[in-house]
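The structure under discussion appears below in the form of structure tokens.
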Amino acid sequence: MSRFTKGGSREVPELNTMSLPDLIFAFLFFIMMVTSIREVTMMVRIALPQATELTKMEKKSLATYIYMGEPLRQYQEKYGSEAAIQLNDQFATTADIFDYIAQEKAAMSEADAPYMTTILKIDKDTKMGLVTEVKQKLREADALKIFYSANKSR
């Protein structure tokens, strides 16, 4: 006589789902912390040159970006194939830079405005004349802290 019987009906135990909402919340929190949302739709092609030295920014919320490069194919009919300036989600001229910097500074708190950093993301084929004009307009707008974005060489 055996102690274990094969006959008899056995019920499948219920699955405990008490901690499932906690796991889903933790996973959602992790995804929100790890991902970054792109705020600007790129309208110009940017192939960054290789860099030998990089400077890490302390506070990215103080960064203002100016993109320069050849317009993407869907914008070339309207803006041509020469290098263009993109401020936020629109094309601009060098004359618009002063107002753009003033607007970005006004959006910051008074304490943070002096520490605003302008980051230039420039395509490697962009002519230096355009870059010089942009830098001159940044000087006029009193945005003297400028970083140049590039790929880190390995």
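If you're wondering about the labels, chains in the structure tokens are A, B, ... by order shown, residues count from 1 in each chain, ligands from 1 in order shown.
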
Notebook entry, point to check: When DSSP works through the backbone of this structure, what residues of segment 59-146 of chain A end up as strand (DSSP E or B), shown as a ChimeraX atom specification?
Noted result: /A:63-71,84-87,90-92,117-122,146

Sorted by chain and rising residue number, which residues of segment 5-110 of chain A lie within 8 Å of segment 136-146 of chain A, and what are their closest atom pairs and distances in Å to one decimal, counting only C-alpha atoms, as CSV?
```
residue,atom,partner,partner_atom,distance
A:Thr94,CA,A:Lys137,CA,6.8
A:Ala95,CA,A:Lys137,CA,7.5
A:Ile97,CA,A:Lys137,CA,6.4
A:Phe98,CA,A:Ala141,CA,5.2
A:Ile101,CA,A:Ala141,CA,6.6
A:Ala102,CA,A:Ala141,CA,7.2
```

Take the residues that were just selected and, keeping N, CA and C atoms, output them as a compact mmCIF listing (two decimals), in the first residue's frame.
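Saved result, part.txt, follows:
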```
# COMPACT_ATOMS: atom_id res chain seq x y z
N THR A 94 20.35 84.59 -39.25
CA THR A 94 21.22 85.07 -38.18
C THR A 94 20.59 86.25 -37.44
N ALA A 95 19.71 87.00 -38.11
CA ALA A 95 19.04 88.13 -37.46
C ALA A 95 18.08 87.67 -36.37
N ILE A 97 18.63 85.30 -34.19
CA ILE A 97 19.32 84.71 -33.05
C ILE A 97 19.22 85.59 -31.81
N PHE A 98 19.32 86.90 -31.97
CA PHE A 98 19.26 87.80 -30.82
C PHE A 98 17.93 87.62 -30.08
N ILE A 101 17.72 84.14 -28.27
CA ILE A 101 18.47 84.08 -27.02
C ILE A 101 17.74 84.86 -25.93
N ALA A 102 17.20 86.03 -26.28
CA ALA A 102 16.44 86.81 -25.30
C ALA A 102 15.22 86.04 -24.81
```

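Closest approach to Leu120 of chain A among A:Glu58, A:Ser81, A:Gln103, A:Leu48: A:Leu48, based on only C-alpha atoms.
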
Note to self: When DSSP is applied to the backbone of this structure, which of segment 10-139 of chain A are assigned helix (DSSP H, G or I)? Write them out as a VMD selection string.
What the structure shows: chain A and resid 20 to 34 60 to 62 73 to 79 94 to 107 113 to 115 128 to 139

Check: Closest to Asp99 of chain A among A:Met32, A:Leu87, A:Ala111, A:Met128, using only C-alpha atoms?
Finding: A:Leu87

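Among the candidates A:Leu62, A:Ile31, A:Ile24, A:Met68, the residue lying nearest to Ala92 of chain A is A:Met68 (atoms considered: only C-alpha atoms).
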
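When the distance limit is 8 Å and only C-alpha atoms are what count, the residues near Phe91 of chain A, minus those fewer than 6 positions from it on the same chain, are Met43, Ala84 and Ile85 of chain A.
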
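If you measure from each of A:Ser61, A:Thr35, A:Asn16, A:Thr41 to Thr117 of chain A using only C-alpha atoms, the closest one turns out to be A:Ser61.
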
Item checked: segment 112-116 of chain A environment, 7 Å, only C-alpha atoms, sequence neighbours closer than 3 positions dropped, as a PyMOL selection string -> chain A and resi 62-63+105+108-109
